[in-house]
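**Student:** There's a structure below that I have some questions on.
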Amino acid sequence: MGAAAFVWPLVSQMNPDASTIAAGAPIEVDLTPIATGQDIKVFWRGKPIYIMNRTKKQIEEARSVPLASLPDPQSDQARVKEGHDNWLVVIGICTHLGCVPLAHEGDYDGFFCPCHGSQYDSSGRIRRGPAPLNLPVPPYSFVSNTKIQIG
Ligand code: FES
């Protein structure tokens with residue numbers, strides 16, 4: 001009885017509650033339900049995070065663009081994890097004035113911000129419109145082939 005009473009608080013402390021997650025605890029996301037060409041949106045530190053399972057075509061498009069033509073030059077390879085090139089993870093907050101862009105919209109098969117028309121490509125890089133910078137990539141890592149930890 002004494003042992004059981006002792007164990008419970010430890011287990012309880014190992015699972016962050018909603019307020020702890022909101023305060024910035026890392027979150028784990030299972031990628032298996034996200035089919036190729038689809039995306040999901042999760043929240044980390046109160047921010048929307050897009051996780052996109054990119055198609056071959058989206059990756060090729062992102063990698064065929066001359067960096068010098070980009071407003072905020074950054075290679076696609078620098079924005080994804082090596083060996084997991086199909087997965088794009090970005091903070092879904094427009095770098096213009098903070099609206100949430102829509103995924104799979106716009107002329108670049110990436111994201112479109114309906115507030116003032118900024119267009120991001122399939123790497124989350126700004127391509128057109130008033131936003132000055134790419135969508136930021138949050139800190140994350142692969143804990144397995146099908147799971148990431150954000151934060
Ligand atoms: S807030 Fe996105 S274009 Fe202005």
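Every chain in the structure tokens has a letter given in the order shown (A, B, ...), and although residue numbers restart at 1 in each chain, ligands are simply numbered from 1 in the order shown.
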Could you pull out the strand (DSSP E) residues of chain A from DSSP and send them as a PyMOL selection string?
**Tutor:** chain A and resi 27-30+39-44+47-53+87-91+102-105+110-112+119-120+126-128+140-144+147-150
**Student:** Excluding Cys99 of chain A and its own-chain neighbours fewer than 6 positions away, which residues fall within 9 Å of it when counting only C-alpha atoms? Please give them as a PyMOL selection string.
**Tutor:** chain A and resi 92-93+113-115
**Student:** Please identify all polymer residues within 7 Å of Tyr50 of chain A, counting only C-alpha atoms, omitting same-chain residues fewer than 2 positions from it, and present them as a PyMOL selection string.
**Tutor:** chain A and resi 39-42+48+52+89-92
**Student:** Just how far from atom CA of Leu135 of chain A is atom CA of Glu28 of chain A, in Å to one decimal?
**Tutor:** 20.7 Å
**Student:** Just checking: using only C-alpha atoms, which residue out of A:Pro33, A:Pro101, A:Pro26, A:Gly110 ends up closest to Thr55 of chain A?
**Tutor:**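 Distance minimum relative to Thr55 of chain A lands on A:Gly110.
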**Student:** Any residue with an atom at most 10 Å from ligand 1 counts, using only C-alpha atoms and all ligand atoms. Which are they? Put them as number ranges by chain.
**Tutor:** A: 93-101, 112-119, 128-132
**Student:** Could those residues be written to a file, using N, CA and C atoms, as a CSV table (one decimal), in the first residue's frame?
**Tutor:**
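Now in selection-v1.csv:
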```csv
chain,number,residue,atom,x,y,z
A,93,ILE,N,3.1,30.6,-38.5
A,93,ILE,CA,2.8,32.0,-38.2
A,93,ILE,C,3.4,32.8,-39.2
A,94,CYS,N,2.6,33.5,-40.0
A,94,CYS,CA,3.2,34.3,-41.1
A,94,CYS,C,4.1,35.4,-40.6
A,95,THR,N,5.3,35.5,-41.2
A,95,THR,CA,6.3,36.4,-40.8
A,95,THR,C,6.0,37.9,-41.1
A,96,HIS,N,4.9,38.1,-41.7
A,96,HIS,CA,4.5,39.5,-42.0
A,96,HIS,C,3.9,40.1,-40.7
A,97,LEU,N,2.6,39.7,-40.4
A,97,LEU,CA,2.0,40.3,-39.2
A,97,LEU,C,1.3,39.2,-38.4
A,98,GLY,N,1.7,37.9,-38.6
A,98,GLY,CA,1.3,36.9,-37.6
A,98,GLY,C,0.1,36.1,-37.9
A,99,CYS,N,-0.5,36.2,-39.1
A,99,CYS,CA,-1.7,35.4,-39.3
A,99,CYS,C,-1.2,33.9,-39.5
A,100,VAL,N,-2.2,33.0,-39.5
A,100,VAL,CA,-1.8,31.6,-39.7
A,100,VAL,C,-2.1,31.3,-41.2
A,101,PRO,N,-1.0,31.0,-41.9
A,101,PRO,CA,-1.2,30.6,-43.4
A,101,PRO,C,-1.9,29.3,-43.5
A,112,PHE,N,-0.3,29.6,-48.0
A,112,PHE,CA,-0.8,30.9,-48.5
A,112,PHE,C,-1.4,31.6,-47.3
A,113,CYS,N,-1.0,32.9,-47.1
A,113,CYS,CA,-1.5,33.7,-46.0
A,113,CYS,C,-2.6,34.6,-46.5
A,114,PRO,N,-3.8,34.3,-46.1
A,114,PRO,CA,-5.0,35.1,-46.6
A,114,PRO,C,-5.0,36.5,-46.2
A,115,CYS,N,-4.3,36.9,-45.2
A,115,CYS,CA,-4.4,38.2,-44.6
A,115,CYS,C,-3.9,39.3,-45.6
A,116,HIS,N,-2.7,39.1,-46.2
A,116,HIS,CA,-2.2,40.1,-47.1
A,116,HIS,C,-1.5,39.4,-48.3
A,117,GLY,N,-1.8,38.1,-48.5
A,117,GLY,CA,-1.4,37.4,-49.7
A,117,GLY,C,0.0,36.9,-49.8
A,118,SER,N,0.7,36.7,-48.7
A,118,SER,CA,2.1,36.1,-48.8
A,118,SER,C,2.0,34.7,-49.2
A,119,GLN,N,2.9,34.3,-50.0
A,119,GLN,CA,3.0,32.9,-50.5
A,119,GLN,C,4.3,32.2,-50.1
A,128,ARG,N,6.6,35.1,-52.3
A,128,ARG,CA,5.9,36.3,-52.8
A,128,ARG,C,5.1,37.0,-51.8
A,129,GLY,N,4.9,38.3,-51.8
A,129,GLY,CA,4.1,39.0,-50.8
A,129,GLY,C,4.9,39.7,-49.8
A,130,PRO,N,4.2,40.3,-48.9
A,130,PRO,CA,4.9,41.3,-47.9
A,130,PRO,C,5.7,40.6,-46.8
A,131,ALA,N,5.5,39.3,-46.6
A,131,ALA,CA,6.3,38.7,-45.5
A,131,ALA,C,7.7,38.7,-45.8
A,132,PRO,N,8.6,39.1,-44.9
A,132,PRO,CA,10.0,39.2,-45.2
A,132,PRO,C,10.8,37.9,-45.0
```
**Student:** Could you tell me how far atom CA of Ile126 of chain A sits from atom CA of Gly24 of chain A, in Å to one decimal place?
**Tutor:**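 So the answer is 26.7 Å.
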**Student:** Could you give me, as a PyMOL selection string, each residue of segment 6-150 of chain A that DSSP assigns to alpha helix (DSSP H) when run on this structure's backbone?
**Tutor:** chain A and resi 6-14+18-22+56-63
**Student:** I need the residues from that last selection saved to file as a tab-separated table (two decimals), in the first residue's frame (with N, CA, C and O atoms), if you can.
**Tutor:**
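Output below, filename selection38.tsv:
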```
chain	number	residue	atom	x	y	z
A	6	PHE	N	3.46	5.60	-3.11
A	6	PHE	CA	4.71	6.29	-3.45
A	6	PHE	C	4.89	6.40	-4.97
A	6	PHE	O	5.35	7.38	-5.50
A	7	VAL	N	4.48	5.34	-5.68
A	7	VAL	CA	4.71	5.28	-7.12
A	7	VAL	C	3.83	6.29	-7.85
A	7	VAL	O	4.27	6.95	-8.78
A	8	TRP	N	2.60	6.44	-7.43
A	8	TRP	CA	1.67	7.27	-8.21
A	8	TRP	C	2.16	8.69	-8.47
A	8	TRP	O	2.12	9.14	-9.62
A	9	PRO	N	2.67	9.38	-7.45
A	9	PRO	CA	3.10	10.75	-7.73
A	9	PRO	C	4.23	10.81	-8.75
A	9	PRO	O	4.30	11.72	-9.56
A	10	LEU	N	5.12	9.80	-8.77
A	10	LEU	CA	6.21	9.79	-9.74
A	10	LEU	C	5.66	9.67	-11.16
A	10	LEU	O	6.03	10.40	-12.05
A	11	VAL	N	4.73	8.72	-11.35
A	11	VAL	CA	4.14	8.52	-12.68
A	11	VAL	C	3.41	9.79	-13.09
A	11	VAL	O	3.53	10.27	-14.20
A	12	SER	N	2.70	10.35	-12.16
A	12	SER	CA	1.95	11.57	-12.45
A	12	SER	C	2.88	12.69	-12.91
A	12	SER	O	2.59	13.41	-13.86
A	13	GLN	N	4.04	12.77	-12.28
A	13	GLN	CA	4.97	13.84	-12.63
A	13	GLN	C	5.63	13.61	-13.99
A	13	GLN	O	6.08	14.55	-14.62
A	14	MET	N	5.70	12.35	-14.43
A	14	MET	CA	6.35	12.06	-15.69
A	14	MET	C	5.48	12.43	-16.89
A	14	MET	O	5.95	12.53	-18.01
A	18	ALA	N	-1.62	19.66	-19.14
A	18	ALA	CA	-1.87	20.65	-20.20
A	18	ALA	C	-1.16	21.97	-19.91
A	18	ALA	O	-0.62	22.60	-20.82
A	19	SER	N	-1.15	22.37	-18.64
A	19	SER	CA	-0.53	23.67	-18.34
A	19	SER	C	0.99	23.59	-18.52
A	19	SER	O	1.63	24.55	-18.93
A	20	THR	N	1.58	22.40	-18.22
A	20	THR	CA	3.02	22.24	-18.43
A	20	THR	C	3.35	22.27	-19.91
A	20	THR	O	4.32	22.91	-20.34
A	21	ILE	N	2.53	21.60	-20.72
A	21	ILE	CA	2.74	21.61	-22.17
A	21	ILE	C	2.61	23.04	-22.70
A	21	ILE	O	3.44	23.51	-23.49
A	22	ALA	N	1.61	23.75	-22.20
A	22	ALA	CA	1.42	25.14	-22.65
A	22	ALA	C	2.61	26.00	-22.26
A	22	ALA	O	2.97	26.95	-22.95
A	56	LYS	N	7.14	13.69	-53.63
A	56	LYS	CA	8.41	13.80	-54.37
A	56	LYS	C	8.43	15.10	-55.18
A	56	LYS	O	9.44	15.80	-55.26
A	57	LYS	N	7.28	15.41	-55.78
A	57	LYS	CA	7.19	16.60	-56.62
A	57	LYS	C	7.43	17.86	-55.78
A	57	LYS	O	8.14	18.77	-56.20
A	58	GLN	N	6.87	17.91	-54.60
A	58	GLN	CA	7.06	19.08	-53.73
A	58	GLN	C	8.54	19.24	-53.35
A	58	GLN	O	9.06	20.35	-53.31
A	59	ILE	N	9.19	18.11	-53.07
A	59	ILE	CA	10.61	18.17	-52.69
A	59	ILE	C	11.44	18.63	-53.89
A	59	ILE	O	12.30	19.51	-53.76
A	60	GLU	N	11.14	18.07	-55.06
A	60	GLU	CA	11.90	18.45	-56.25
A	60	GLU	C	11.71	19.94	-56.57
A	60	GLU	O	12.66	20.63	-56.91
A	61	GLU	N	10.47	20.40	-56.45
A	61	GLU	CA	10.20	21.82	-56.70
A	61	GLU	C	11.01	22.69	-55.74
A	61	GLU	O	11.63	23.68	-56.14
A	62	ALA	N	10.99	22.32	-54.47
A	62	ALA	CA	11.70	23.12	-53.46
A	62	ALA	C	13.20	23.15	-53.71
A	62	ALA	O	13.87	24.14	-53.42
A	63	ARG	N	13.74	22.06	-54.28
A	63	ARG	CA	15.19	21.95	-54.45
A	63	ARG	C	15.68	22.46	-55.81
A	63	ARG	O	16.88	22.57	-56.02
```
**Student:** Name the residues in contact with Val137 of chain A at a cut-off of 12 Å, using only C-alpha atoms, excluding same-chain residues fewer than 4 positions from it; report them as a list of chain:residue names.
**Tutor:**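 Within the cut-off, the hits are A:Lys47, A:Pro48, A:Ile49, A:Tyr50, A:Ile51, A:Gln74, A:Asp76, A:Ala78, A:Arg79, A:Val80, A:Lys81, A:Trp87, A:Leu88, A:Val89, A:Val90, A:Ile91, A:Gly92, A:Ile93, A:Ser123, A:Gly124, A:Arg125, A:Leu133, A:Ser141, A:Ile150, A:Gly151.
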**Student:** Nearest to Gln38 of chain A: which of A:Ala68, A:Pro138, A:Ala103, A:Asn145 is it, counting only C-alpha atoms?
**Tutor:**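 For Gln38 of chain A, the nearest of the candidates is A:Ala103.
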**Student:** In Å, with one decimal, what is the gap from atom CA of Tyr140 of chain A to atom CA of Gly106 of chain A?
**Tutor:**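 That distance, rounded to one decimal, is 26.3 Å.
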**Student:** Pick the closest to Thr146 of chain A from A:Trp44, A:His84, A:Pro66, A:Tyr108: which is it, counting only C-alpha atoms?
**Tutor:** A:His84
